[in-house]
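The data block below is coords_37.txt; it holds compact mmCIF, C-alpha atoms and all ligand atoms.
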# COMPACT_ATOMS: atom_id res chain seq x y z
CA MET A 1 138.75 -26.64 -66.15
CA PRO A 2 142.19 -25.56 -64.81
CA SER A 3 143.73 -28.36 -62.76
CA HIS A 4 143.87 -26.33 -59.51
CA GLN A 5 140.05 -26.05 -59.59
CA LYS A 6 139.55 -29.81 -59.92
CA SER A 7 138.77 -32.18 -57.08
CA GLY A 8 141.44 -34.63 -55.95
CA LYS A 9 139.49 -37.42 -57.63
CA ASP A 10 139.31 -35.55 -60.92
CA GLN A 11 143.03 -34.80 -60.79
CA ALA A 12 143.77 -38.44 -60.04
CA ALA A 13 141.59 -39.45 -62.96
CA ASP A 14 143.51 -37.07 -65.22
CA ALA A 15 146.74 -38.65 -64.09
CA GLN A 16 145.14 -42.10 -64.62
CA LEU A 17 145.74 -43.04 -61.01
CA ILE A 18 142.23 -44.27 -60.43
CA SER A 19 140.61 -47.25 -62.01
CA SER A 20 137.32 -47.53 -63.88
CA LYS A 21 135.53 -48.89 -60.84
CA GLU A 22 136.53 -45.91 -58.69
CA MET A 23 135.20 -43.41 -61.20
CA ALA A 24 131.80 -41.80 -61.08
CA PRO A 25 129.49 -43.40 -63.67
CA LEU A 26 128.96 -41.69 -66.98
CA PRO A 27 125.96 -39.35 -67.02
CA GLU A 28 122.62 -40.78 -68.07
CA ASN A 29 122.35 -38.06 -70.70
CA PHE A 30 124.88 -39.49 -73.07
CA GLY A 31 124.72 -36.72 -75.73
CA PRO A 32 127.55 -34.55 -74.35
CA VAL A 33 129.79 -37.60 -73.83
CA PHE A 34 129.13 -38.74 -77.39
CA PHE A 35 129.86 -35.24 -78.75
CA GLN A 36 133.10 -35.05 -76.76
CA ASN A 37 134.18 -38.53 -77.91
CA GLN A 38 133.36 -38.16 -81.56
CA PHE A 39 134.06 -34.52 -82.32
CA LEU A 40 136.51 -33.19 -79.73
CA ALA A 41 138.69 -36.07 -78.50
CA LYS A 42 142.06 -36.28 -80.23
CA ILE A 43 143.27 -39.80 -80.89
CA GLU A 44 146.94 -39.92 -81.80
CA LEU A 45 148.15 -42.48 -84.29
CA PRO A 46 150.80 -44.88 -82.93
CA THR A 47 154.41 -44.04 -83.69
CA LYS A 48 157.72 -45.73 -82.98
CA GLU A 49 158.62 -42.75 -80.80
CA LYS A 50 155.57 -43.26 -78.62
CA TYR A 51 155.69 -47.02 -78.14
CA ALA A 52 158.44 -49.57 -77.53
CA ASP A 53 159.66 -51.45 -80.58
CA LEU A 54 157.67 -54.66 -81.11
CA THR A 55 160.49 -56.58 -82.75
CA GLY A 56 160.50 -60.12 -81.35
CA LYS A 57 156.91 -59.81 -80.12
CA CYS A 58 153.92 -61.93 -81.08
CA ALA A 59 150.33 -60.68 -81.25
CA ILE A 60 147.00 -62.36 -81.93
CA VAL A 61 144.21 -60.23 -83.37
CA THR A 62 140.80 -61.81 -83.94
CA GLY A 63 138.57 -60.61 -86.76
CA SER A 64 141.62 -59.03 -88.38
CA ASN A 65 140.62 -59.59 -92.00
CA THR A 66 138.79 -56.25 -92.11
CA GLY A 67 137.79 -53.10 -90.25
CA LEU A 68 139.33 -52.18 -86.91
CA GLY A 69 140.97 -55.59 -86.46
CA PHE A 70 142.78 -55.30 -89.79
CA GLU A 71 143.91 -51.74 -89.14
CA SER A 72 145.11 -52.46 -85.61
CA ALA A 73 147.10 -55.44 -86.94
CA ARG A 74 148.62 -53.12 -89.55
CA GLN A 75 149.57 -50.60 -86.87
CA LEU A 76 151.20 -53.28 -84.71
CA LEU A 77 153.21 -54.47 -87.71
CA SER A 78 154.29 -50.90 -88.42
CA LEU A 79 155.65 -50.77 -84.88
CA GLY A 80 157.93 -53.70 -85.72
CA LEU A 81 155.78 -56.67 -84.62
CA SER A 82 157.58 -59.88 -85.62
CA HIS A 83 154.76 -62.39 -85.51
CA LEU A 84 151.06 -61.82 -86.14
CA VAL A 85 148.41 -64.49 -85.80
CA MET A 86 145.15 -63.53 -87.48
CA GLY A 87 142.15 -65.37 -86.02
CA VAL A 88 139.57 -65.27 -88.80
CA ARG A 89 136.48 -67.23 -89.74
CA SER A 90 137.21 -67.21 -93.46
CA LEU A 91 140.72 -68.33 -94.38
CA GLU A 92 140.19 -66.94 -97.87
CA ARG A 93 139.37 -63.45 -96.57
CA GLY A 94 142.11 -63.77 -93.97
CA ASN A 95 144.75 -64.69 -96.53
CA ALA A 96 143.71 -61.81 -98.79
CA ALA A 97 144.07 -59.44 -95.82
CA ALA A 98 147.42 -60.98 -94.82
CA THR A 99 148.77 -60.24 -98.28
CA LYS A 100 147.94 -56.57 -97.77
CA LEU A 101 149.30 -56.57 -94.22
CA ARG A 102 152.70 -57.91 -95.33
CA ALA A 103 153.43 -54.51 -96.85
CA ALA A 104 153.44 -53.01 -93.33
CA ASN A 105 156.32 -55.23 -92.21
CA PRO A 106 157.69 -57.52 -94.93
CA SER A 107 159.97 -59.37 -92.50
CA ALA A 108 157.17 -60.27 -90.06
CA LYS A 109 155.71 -63.75 -89.89
CA ILE A 110 151.96 -63.52 -90.51
CA GLU A 111 149.81 -66.58 -89.95
CA VAL A 112 146.12 -66.91 -90.73
CA TRP A 113 144.29 -69.31 -88.44
CA GLN A 114 140.69 -70.42 -88.51
CA LEU A 115 138.51 -69.03 -85.74
CA ASP A 116 134.75 -69.14 -86.00
CA MET A 117 133.24 -67.49 -82.95
CA GLU A 118 129.94 -69.21 -83.70
CA THR A 119 131.20 -72.60 -82.61
CA TYR A 120 132.80 -73.62 -79.35
CA GLU A 121 134.76 -76.34 -81.15
CA SER A 122 136.48 -73.76 -83.32
CA ILE A 123 137.31 -71.62 -80.28
CA LYS A 124 138.76 -74.58 -78.41
CA ALA A 125 140.75 -75.68 -81.47
CA PHE A 126 142.12 -72.15 -81.88
CA VAL A 127 143.29 -72.06 -78.26
CA CYS A 128 144.91 -75.51 -78.61
CA LYS A 129 146.73 -74.25 -81.68
CA CYS A 130 148.01 -71.25 -79.71
CA GLN A 131 149.17 -73.60 -76.95
CA ASP A 132 150.91 -75.99 -79.34
CA ASN A 133 152.38 -73.60 -81.88
CA LEU A 134 153.33 -70.35 -80.20
CA SER A 135 156.35 -70.12 -77.97
CA LEU A 136 155.34 -66.72 -76.67
CA ILE A 137 152.27 -64.49 -76.86
CA ASP A 138 152.69 -60.85 -75.91
CA ILE A 139 149.45 -59.25 -77.06
CA VAL A 140 145.96 -60.57 -77.70
CA ILE A 141 143.28 -58.30 -79.10
CA LEU A 142 139.83 -59.89 -79.10
CA ASN A 143 138.15 -57.76 -81.72
CA ALA A 144 135.86 -60.16 -83.63
CA GLY A 145 132.28 -59.02 -83.21
CA LEU A 146 129.14 -58.22 -85.11
CA ALA A 147 125.97 -56.17 -85.13
CA PRO A 148 123.25 -58.06 -87.03
CA VAL A 149 120.05 -56.21 -87.87
CA THR A 150 117.74 -59.22 -87.83
CA PHE A 151 117.11 -61.88 -85.22
CA ALA A 152 118.78 -65.22 -85.82
CA THR A 153 120.01 -68.09 -83.71
CA ILE A 154 123.10 -70.16 -84.29
CA PRO A 155 122.34 -73.82 -85.04
CA ALA A 156 125.34 -75.14 -83.08
CA THR A 157 124.27 -73.49 -79.82
CA ASP A 158 120.65 -72.36 -80.37
CA HIS A 159 121.64 -68.94 -79.02
CA GLU A 160 120.96 -65.56 -80.60
CA THR A 161 123.92 -64.54 -82.76
CA THR A 162 124.88 -61.20 -81.18
CA VAL A 163 124.94 -62.47 -77.59
CA GLN A 164 126.66 -65.65 -78.74
CA VAL A 165 129.54 -63.98 -80.60
CA ASN A 166 130.03 -60.70 -78.72
CA HIS A 167 129.54 -62.14 -75.28
CA MET A 168 129.51 -65.90 -74.75
CA SER A 169 132.13 -66.86 -77.31
CA THR A 170 134.35 -63.89 -76.47
CA VAL A 171 134.19 -64.77 -72.79
CA LEU A 172 135.01 -68.41 -73.48
CA LEU A 173 137.94 -67.49 -75.70
CA SER A 174 139.27 -65.12 -73.01
CA VAL A 175 139.03 -67.66 -70.23
CA LEU A 176 140.62 -70.42 -72.29
CA LEU A 177 143.46 -68.17 -73.37
CA LEU A 178 144.40 -67.06 -69.85
CA PRO A 179 146.37 -70.14 -68.79
CA VAL A 180 148.00 -70.26 -72.22
CA LEU A 181 149.11 -66.64 -71.92
CA LYS A 182 150.38 -67.21 -68.42
CA SER A 183 152.32 -70.33 -69.32
CA LYS A 184 154.05 -68.63 -72.24
CA SER A 185 154.97 -65.46 -70.45
CA LYS A 186 158.73 -65.10 -70.31
CA GLY A 187 159.84 -61.53 -69.90
CA GLN A 188 159.21 -58.95 -67.23
CA ASN A 189 156.23 -57.50 -69.04
CA PRO A 190 153.04 -59.47 -68.50
CA PRO A 191 151.13 -60.50 -71.61
CA ARG A 192 148.20 -58.30 -72.59
CA LEU A 193 144.62 -59.27 -73.22
CA THR A 194 142.58 -56.42 -74.67
CA LEU A 195 138.91 -56.95 -75.44
CA VAL A 196 137.01 -54.68 -77.75
CA ASN A 197 133.90 -53.38 -76.05
CA SER A 198 131.58 -50.51 -76.88
CA MET A 199 129.92 -47.44 -75.45
CA MET A 200 126.69 -48.83 -76.86
CA SER A 201 126.51 -50.91 -73.70
CA HIS A 202 125.80 -47.64 -71.92
CA LEU A 203 122.66 -47.05 -73.93
CA CYS A 204 120.87 -50.37 -73.66
CA LYS A 205 117.84 -50.88 -71.44
CA PHE A 206 118.32 -54.63 -70.89
CA PRO A 207 114.60 -55.36 -70.35
CA ASN A 208 115.19 -59.05 -69.61
CA LYS A 209 117.87 -58.49 -66.97
CA SER A 210 115.76 -60.09 -64.24
CA LYS A 211 114.75 -63.15 -66.27
CA ARG A 212 116.11 -66.45 -64.97
CA PRO A 213 117.56 -68.31 -66.63
CA MET A 214 118.70 -65.20 -68.45
CA LEU A 215 120.44 -66.56 -71.53
CA PRO A 216 117.47 -68.39 -73.09
CA SER A 217 115.45 -65.16 -72.79
CA PHE A 218 117.64 -63.69 -75.55
CA ASP A 219 116.82 -66.60 -77.81
CA ASP A 220 113.07 -66.11 -78.06
CA THR A 221 111.56 -62.91 -79.46
CA ALA A 222 108.30 -63.68 -77.64
CA VAL A 223 110.19 -63.32 -74.36
CA THR A 224 112.52 -60.47 -75.35
CA PRO A 225 111.38 -58.58 -78.45
CA TRP A 226 114.12 -58.03 -80.99
CA ASN A 227 115.80 -54.65 -81.19
CA ALA A 228 119.14 -54.74 -83.00
CA GLU A 229 120.78 -51.74 -81.31
CA GLU A 230 119.60 -52.80 -77.90
CA ARG A 231 120.86 -56.34 -78.41
CA TYR A 232 124.28 -55.15 -79.58
CA GLY A 233 124.56 -52.96 -76.49
CA VAL A 234 123.49 -55.74 -74.12
CA SER A 235 125.96 -58.18 -75.69
CA LYS A 236 128.81 -55.76 -74.95
CA LEU A 237 127.41 -54.98 -71.49
CA LEU A 238 127.32 -58.65 -70.50
CA CYS A 239 130.82 -59.12 -71.78
CA GLN A 240 132.04 -56.10 -69.82
CA LEU A 241 130.40 -57.37 -66.65
CA PHE A 242 132.07 -60.73 -67.04
CA ILE A 243 135.51 -59.36 -67.85
CA VAL A 244 135.49 -56.98 -64.89
CA ARG A 245 134.84 -59.92 -62.61
CA LEU A 246 137.33 -62.13 -64.46
CA ALA A 247 140.09 -59.53 -64.12
CA GLU A 248 139.53 -59.45 -60.37
CA ASN A 249 140.57 -63.08 -60.37
CA VAL A 250 143.75 -62.58 -62.36
CA LYS A 251 146.86 -60.85 -61.09
CA PRO A 252 148.05 -58.03 -63.35
CA GLU A 253 151.57 -59.35 -62.76
CA ASP A 254 150.45 -62.45 -64.70
CA ILE A 255 148.25 -60.94 -67.41
CA ILE A 256 147.00 -57.39 -67.90
CA ILE A 257 143.39 -57.47 -69.03
CA ASN A 258 141.59 -54.37 -70.22
CA MET A 259 138.71 -53.37 -72.45
CA VAL A 260 138.61 -50.70 -75.12
CA ASP A 261 135.90 -48.71 -76.83
CA PRO A 262 137.22 -47.66 -80.25
CA GLY A 263 134.49 -45.02 -80.53
CA LEU A 264 132.02 -44.84 -83.38
CA THR A 265 134.25 -45.66 -86.33
CA LYS A 266 133.50 -45.29 -90.02
CA GLY A 267 134.99 -47.31 -92.85
CA THR A 268 134.44 -50.72 -91.26
CA GLU A 269 131.94 -53.41 -92.18
CA LEU A 270 130.05 -53.39 -88.88
CA SER A 271 126.80 -52.22 -90.47
CA ARG A 272 127.14 -54.58 -93.44
CA HIS A 273 123.88 -56.34 -92.53
CA ALA A 274 121.79 -53.19 -92.74
CA LYS A 275 119.49 -52.96 -95.77
CA GLY A 276 117.50 -50.23 -97.55
CA ILE A 277 116.77 -47.06 -95.59
CA THR A 278 118.54 -48.40 -92.48
CA ALA A 279 121.70 -48.90 -94.50
CA VAL A 280 121.49 -45.36 -95.89
CA ALA A 281 120.85 -43.89 -92.43
CA ALA A 282 123.75 -45.88 -90.94
CA LYS A 283 126.06 -44.74 -93.71
CA ILE A 284 125.17 -41.09 -93.19
CA PHE A 285 125.43 -41.37 -89.40
CA PHE A 286 128.82 -43.11 -89.50
CA SER A 287 130.21 -40.73 -92.11
CA VAL A 288 129.14 -37.63 -90.15
CA ALA A 289 129.96 -38.77 -86.62
CA GLY A 290 132.37 -41.68 -87.05
CA ARG A 291 136.10 -41.38 -86.53
CA PRO A 292 138.41 -42.74 -89.23
CA VAL A 293 139.34 -46.39 -88.90
CA ASP A 294 143.03 -45.63 -88.23
CA ARG A 295 142.04 -43.48 -85.22
CA GLY A 296 139.63 -46.14 -83.94
CA ALA A 297 142.31 -48.82 -84.29
CA ALA A 298 144.85 -46.57 -82.57
CA THR A 299 142.75 -46.93 -79.41
CA TYR A 300 143.41 -50.70 -79.50
CA VAL A 301 147.15 -50.15 -79.79
CA ASP A 302 146.95 -47.65 -76.95
CA ALA A 303 145.04 -50.13 -74.76
CA ALA A 304 147.55 -52.89 -75.45
CA LEU A 305 150.77 -50.84 -75.31
CA GLY A 306 150.05 -47.47 -73.78
CA HIS A 307 148.82 -48.51 -70.32
CA GLY A 308 150.27 -50.73 -67.63
CA LYS A 309 148.96 -52.61 -64.63
CA GLU A 310 146.87 -49.60 -63.62
CA SER A 311 144.57 -50.43 -66.54
CA HIS A 312 143.95 -54.01 -65.38
CA GLY A 313 140.21 -54.68 -65.40
CA CYS A 314 139.53 -51.19 -66.74
CA PHE A 315 137.48 -49.81 -69.60
CA LEU A 316 139.31 -47.40 -71.89
CA MET A 317 137.73 -44.70 -73.97
CA ASN A 318 139.58 -42.06 -76.03
CA CYS A 319 142.86 -43.68 -74.91
CA LYS A 320 142.10 -42.98 -71.25
CA ILE A 321 140.82 -45.08 -68.39
CA ALA A 322 137.12 -44.31 -68.19
CA PRO A 323 134.16 -45.33 -66.01
CA TYR A 324 132.47 -48.65 -66.60
CA VAL A 325 129.24 -48.49 -68.45
CA ILE A 326 127.82 -51.14 -66.14
CA ILE A 327 125.36 -49.46 -63.80
CA HIS A 328 123.70 -51.65 -61.22
CA GLU A 329 123.50 -51.98 -57.50
CA VAL A 330 123.99 -55.60 -56.53
CA PRO A 331 127.20 -57.49 -55.89
CA VAL A 332 127.58 -60.13 -58.55
CA SER A 333 129.54 -63.21 -57.58
CA TRP A 334 131.25 -65.50 -60.01
CA LYS A 335 128.65 -68.09 -59.23
CA ILE A 336 125.79 -65.79 -60.23
CA LEU A 337 127.68 -64.60 -63.26
CA LEU A 338 128.39 -68.14 -64.35
CA MET A 339 124.81 -69.19 -63.87
CA THR A 340 123.30 -66.18 -65.61
CA SER A 341 125.66 -65.35 -68.40
CA CYS A 342 127.65 -68.48 -69.28
CA ASP A 343 126.27 -71.01 -71.68
CA PRO A 344 125.59 -74.26 -69.76
CA GLN A 345 127.56 -76.00 -72.53
CA THR A 346 130.74 -74.20 -71.48
CA ARG A 347 130.08 -73.40 -67.84
CA SER A 348 132.15 -76.20 -66.34
CA LEU A 349 135.02 -75.43 -68.71
CA VAL A 350 134.98 -71.76 -67.72
CA LEU A 351 134.76 -72.70 -64.05
CA HIS A 352 137.61 -75.17 -64.32
CA ARG A 353 139.93 -72.80 -66.18
CA ARG A 354 139.13 -69.93 -63.90
CA GLN A 355 139.92 -72.00 -60.82
CA GLY A 356 143.12 -73.04 -62.54
CA ILE A 357 144.17 -69.41 -62.80
CA ASN A 358 144.31 -68.68 -59.10
CA GLY A 359 142.52 -71.54 -57.38
CA SER A 360 140.46 -69.26 -55.16
CA ASP A 361 137.07 -69.92 -53.65
CA LEU A 362 134.18 -69.05 -55.93
CA ASP A 363 131.98 -67.36 -53.38
CA ARG A 364 134.55 -65.30 -51.59
CA ASP A 365 134.66 -62.70 -54.30
CA ALA A 366 130.95 -61.85 -54.06
CA SER A 367 131.84 -58.69 -52.22
CA ARG A 368 134.12 -57.29 -54.92
CA THR A 369 133.09 -54.58 -57.39
CA GLN A 370 129.57 -53.42 -56.79
CA PHE A 371 127.92 -53.09 -60.16
CA ARG A 372 124.97 -50.79 -60.50
CA TRP A 373 122.15 -51.17 -62.95
CA ARG A 374 120.41 -47.98 -63.87
N1 LIG B 1 132.85 -49.63 -85.92
C1 LIG B 1 132.41 -49.10 -84.78
O1 LIG B 1 131.86 -47.98 -84.74
C2 LIG B 1 132.59 -49.83 -83.48
C3 LIG B 1 132.34 -49.14 -82.30
C4 LIG B 1 132.50 -49.80 -81.08
C5 LIG B 1 132.94 -51.12 -81.06
N2 LIG B 1 133.16 -51.77 -82.24
C6 LIG B 1 133.61 -53.17 -82.16
O2 LIG B 1 134.82 -53.29 -82.88
C7 LIG B 1 134.97 -54.65 -83.34
C8 LIG B 1 135.31 -54.63 -84.82
O3 LIG B 1 134.23 -54.04 -85.52
P1 LIG B 1 134.40 -53.35 -86.94
O4 LIG B 1 133.69 -52.08 -86.87
O5 LIG B 1 135.80 -53.38 -87.41
O6 LIG B 1 133.49 -54.34 -87.82
P2 LIG B 1 133.84 -55.27 -89.07
O7 LIG B 1 134.56 -54.48 -90.09
O8 LIG B 1 132.54 -55.90 -89.45
O9 LIG B 1 134.83 -56.36 -88.48
C9 LIG B 1 134.36 -57.37 -87.63
C10 LIG B 1 135.32 -58.53 -87.66
O10 LIG B 1 134.81 -59.54 -86.78
C11 LIG B 1 134.77 -60.76 -87.51
N3 LIG B 1 133.72 -61.66 -87.06
C12 LIG B 1 132.39 -61.41 -86.97
N4 LIG B 1 131.76 -62.52 -86.59
C13 LIG B 1 132.70 -63.48 -86.44
C14 LIG B 1 132.67 -64.85 -86.09
N5 LIG B 1 131.52 -65.49 -85.84
N6 LIG B 1 133.83 -65.54 -86.02
C15 LIG B 1 134.99 -64.91 -86.29
N7 LIG B 1 135.09 -63.64 -86.67
C16 LIG B 1 133.95 -62.93 -86.74
C17 LIG B 1 134.52 -60.35 -88.95
O11 LIG B 1 134.86 -61.43 -89.82
P3 LIG B 1 134.13 -61.56 -91.26
O12 LIG B 1 134.64 -60.41 -92.09
O13 LIG B 1 134.52 -62.88 -91.74
O14 LIG B 1 132.66 -61.43 -91.01
C18 LIG B 1 135.45 -59.17 -89.05
O15 LIG B 1 136.75 -59.61 -89.24
C19 LIG B 1 133.65 -55.35 -83.00
O16 LIG B 1 133.81 -56.08 -81.82
C20 LIG B 1 132.69 -54.20 -82.79
O17 LIG B 1 131.63 -54.54 -81.93
C21 LIG B 1 133.02 -51.16 -83.43

Please render this file's structure as structure tokens.
Amino acid sequence: MPSHQKSGKDQAADAQLISSKEMAPLPENFGPVFFQNQFLAKIELPTKEKYADLTGKCAIVTGSNTGLGFESARQLLSLGLSHLVMGVRSLERGNAAATKLRAANPSAKIEVWQLDMETYESIKAFVCKCQDNLSLIDIVILNAGLAPVTFATIPATDHETTVQVNHMSTVLLSVLLLPVLKSKSKGQNPPRLTLVNSMMSHLCKFPNKSKRPMLPSFDDTAVTPWNAEERYGVSKLLCQLFIVRLAENVKPEDIIINMVDPGLTKGTELSRHAKGITAVAAKIFFSVAGRPVDRGAATYVDAALGHGKESHGCFLMNCKIAPYVIIHEVPVSWKILLMTSCDPQTRSLVLHRRQGINGSDLDRDASRTQFRWR
């Protein structure tokens, strides 16, 4: 549509002057959006002309031994990144990946640190290591995530794996990293925290959304029957909900927090757990509709380097600020969010850290962003 025929809101959206929460929700019929994203949207690869030189900068990328995490780390190194910390659950796989990554910037320091998102102890130890060993942190990309096809719970927490890793552990890692990022910020540019989310959160039905307590309802297939796609979507939805609210409690002058959807991306190991006919179908679907991994990873680099404070708390899709996928009608306070979507094991830690960020009253923010469930 020519720009003179667009509404003021549409023009503002084009110019990225409005945030995700001010945008009209995505249509319920997701087909046209998917087609636009996967077949028409042009994702540019990062270049030194487009982005500032990253010499002297330090980035952390979780799950960077393979897939989108690996490729985004490679792209950051190609832009001159001086120090990369790879947060990986297997040091062996991480070291093998680091060897390949060194080719992208032989003078960069690349460290491989243990991070198992299935245990809170590992997450806490990783954050302590960041606090103790890094003098500055400019960029954090929380990419580690999974999409299991069968139901399983994690012995350490008794929670279902997808919700544990993609939501609860990612949220905990984010919250614990915030004060570390803030304390190490030196220059004029605030540190960046980019979380990898997914459009799949738009497609889930979330049948157990009214169950209280909510979290245990994911852990019992008699309460919430298992559906792998649905569960993956809900895990990303919960995470998005939490991060939107978290960002409202953090000043973008201190840390810029945003979320990115890389789009359906082929050539990663996300569907590694699929077997038999499901594996074949996934392979065909990804190879027909998926974007190449370098284009998917370029959306991470864009989220971390290509947008400023205007992207704080926003969801990015195709390298643009886009509407949230969260669709529901009730105000959600921190208190409700903590009670419904934070593991009781970590709730007080999250609460404590979050109060440490700006010290504000928990209940006062109940009137902020109105989320709408469909
Ligand atoms: N590919 C897509 O179409 C697509 C679309 C939207 C969003 N995403 C999101 O993009 C991110 C990367 O996915 P991908 O496609 O690149 O998949 P991938 O190739 O399977 O990479 C996932 C990464 O996460 C790590 N990881 C998984 N569980 C972990 C745990 N418990 N602790 C630490 N690390 C863990 C994996 O480590 P191991 O190798 O050791 O398992 C791997 O490094 C995920 O968050 C995914 O949800 C992907």

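Atom CA of Thr55 of chain A sits 26.3 Å away from atom CA of Asn318 of chain A.
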
Would you list the residues that come within 7 Å of ligand LIG 1 (chain B)? Count only C-alpha atoms and all ligand atoms and give the answer as a PDB file with C-alpha atoms, in the coordinates of the input.
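What ended up in out_37.pdb:
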ATOM      1  CA  THR A  62     140.800 -61.810 -83.940  1.00  0.00           C
ATOM      2  CA  GLY A  63     138.570 -60.610 -86.760  1.00  0.00           C
ATOM      3  CA  SER A  64     141.620 -59.030 -88.380  1.00  0.00           C
ATOM      4  CA  ASN A  65     140.620 -59.590 -92.000  1.00  0.00           C
ATOM      5  CA  THR A  66     138.790 -56.250 -92.110  1.00  0.00           C
ATOM      6  CA  GLY A  67     137.790 -53.100 -90.250  1.00  0.00           C
ATOM      7  CA  LEU A  68     139.330 -52.180 -86.910  1.00  0.00           C
ATOM      8  CA  GLY A  69     140.970 -55.590 -86.460  1.00  0.00           C
ATOM      9  CA  VAL A  88     139.570 -65.270 -88.800  1.00  0.00           C
ATOM     10  CA  ARG A  89     136.480 -67.230 -89.740  1.00  0.00           C
ATOM     11  CA  SER A  90     137.210 -67.210 -93.460  1.00  0.00           C
ATOM     12  CA  ARG A  93     139.370 -63.450 -96.570  1.00  0.00           C
ATOM     13  CA  LEU A 115     138.510 -69.030 -85.740  1.00  0.00           C
ATOM     14  CA  ASP A 116     134.750 -69.140 -86.000  1.00  0.00           C
ATOM     15  CA  MET A 117     133.240 -67.490 -82.950  1.00  0.00           C
ATOM     16  CA  GLU A 118     129.940 -69.210 -83.700  1.00  0.00           C
ATOM     17  CA  ASN A 143     138.150 -57.760 -81.720  1.00  0.00           C
ATOM     18  CA  ALA A 144     135.860 -60.160 -83.630  1.00  0.00           C
ATOM     19  CA  GLY A 145     132.280 -59.020 -83.210  1.00  0.00           C
ATOM     20  CA  LEU A 146     129.140 -58.220 -85.110  1.00  0.00           C
ATOM     21  CA  ALA A 147     125.970 -56.170 -85.130  1.00  0.00           C
ATOM     22  CA  VAL A 165     129.540 -63.980 -80.600  1.00  0.00           C
ATOM     23  CA  ASN A 166     130.030 -60.700 -78.720  1.00  0.00           C
ATOM     24  CA  VAL A 196     137.010 -54.680 -77.750  1.00  0.00           C
ATOM     25  CA  ASN A 197     133.900 -53.380 -76.050  1.00  0.00           C
ATOM     26  CA  SER A 198     131.580 -50.510 -76.880  1.00  0.00           C
ATOM     27  CA  MET A 199     129.920 -47.440 -75.450  1.00  0.00           C
ATOM     28  CA  ASP A 261     135.900 -48.710 -76.830  1.00  0.00           C
ATOM     29  CA  PRO A 262     137.220 -47.660 -80.250  1.00  0.00           C
ATOM     30  CA  GLY A 263     134.490 -45.020 -80.530  1.00  0.00           C
ATOM     31  CA  LEU A 264     132.020 -44.840 -83.380  1.00  0.00           C
ATOM     32  CA  THR A 265     134.250 -45.660 -86.330  1.00  0.00           C
ATOM     33  CA  LYS A 266     133.500 -45.290 -90.020  1.00  0.00           C
ATOM     34  CA  THR A 268     134.440 -50.720 -91.260  1.00  0.00           C
ATOM     35  CA  GLU A 269     131.940 -53.410 -92.180  1.00  0.00           C
ATOM     36  CA  LEU A 270     130.050 -53.390 -88.880  1.00  0.00           C
ATOM     37  CA  SER A 271     126.800 -52.220 -90.470  1.00  0.00           C
ATOM     38  CA  ARG A 272     127.140 -54.580 -93.440  1.00  0.00           C
ATOM     39  CA  GLY A 290     132.370 -41.680 -87.050  1.00  0.00           C
TER      40      GLY A 290
END

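Candidate residues A:Thr161, A:Ser122, A:Ser210, A:Ser135 were compared for distance to His83 of chain A, and the nearest is A:Ser135, using all atoms listed in the file.
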
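Using all atoms listed in the file, the shortest contact distance between Ala247 of chain A and any of A:Phe315, A:Asp302, A:Val280, A:Lys205 is found at A:Phe315.
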
Identify, on the basis of only C-alpha atoms, every residue whose closest approach to Arg74 of chain A does not exceed 8 Å; exclude the query and any residue fewer than 4 positions from it along the same chain; express the result as JSON, numbers by chain. {"A": [70, 78, 101, 104]}

Separating atom CA of Cys314 of chain A from atom CA of Ile257 of chain A, to the nearest tenth of an Å, is a gap of 7.7 Å

Tell me, as a JSON list (two decimals) with C-alpha atoms, in the frame of the given file, which residues lie within 9 Å of Glu310 of chain A, counting all atoms listed in the file; anything in the same chain fewer than 3 positions away does not count.
[["chain", "number", "residue", "atom", "x", "y", "z"],
["A", 16, "GLN", "CA", 145.14, -42.10, -64.62],
["A", 17, "LEU", "CA", 145.74, -43.04, -61.01],
["A", 18, "ILE", "CA", 142.23, -44.27, -60.43],
["A", 19, "SER", "CA", 140.61, -47.25, -62.01],
["A", 252, "PRO", "CA", 148.05, -58.03, -63.35],
["A", 256, "ILE", "CA", 147.00, -57.39, -67.90],
["A", 307, "HIS", "CA", 148.82, -48.51, -70.32],
["A", 313, "GLY", "CA", 140.21, -54.68, -65.40],
["A", 314, "CYS", "CA", 139.53, -51.19, -66.74],
["A", 321, "ILE", "CA", 140.82, -45.08, -68.39]]

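The coordinates place atom CA of Ala289 of chain A at 12.3 Å from atom CA of Gly31 of chain A.
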
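Among A:Leu173, A:Ala41, A:Leu54, A:Leu215, the residue with the shortest atom-to-atom distance to Asp158 of chain A, counting only C-alpha atoms, is A:Leu215.
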
Can you pull out the residues contacting Pro106 of chain A? Cut-off 10 Å, using all atoms listed in the file, and skip same-chain residues under 4 positions away; I want them as a list of chain:residue names. A:Leu77, A:Ser78, A:Gly80, A:Ser82, A:Thr99, A:Leu101, A:Arg102, A:Ile110

Could you take the residues named above and write them with C-alpha atoms, as an mmCIF file, in the coordinates of the input?
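Result saved to selection-v4.cif:
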data_model
loop_
_atom_site.group_PDB
_atom_site.id
_atom_site.type_symbol
_atom_site.label_atom_id
_atom_site.label_comp_id
_atom_site.auth_asym_id
_atom_site.auth_seq_id
_atom_site.Cartn_x
_atom_site.Cartn_y
_atom_site.Cartn_z
ATOM 1 C CA LEU A 77 153.210 -54.470 -87.710
ATOM 2 C CA SER A 78 154.290 -50.900 -88.420
ATOM 3 C CA GLY A 80 157.930 -53.700 -85.720
ATOM 4 C CA SER A 82 157.580 -59.880 -85.620
ATOM 5 C CA THR A 99 148.770 -60.240 -98.280
ATOM 6 C CA LEU A 101 149.300 -56.570 -94.220
ATOM 7 C CA ARG A 102 152.700 -57.910 -95.330
ATOM 8 C CA ILE A 110 151.960 -63.520 -90.510
#
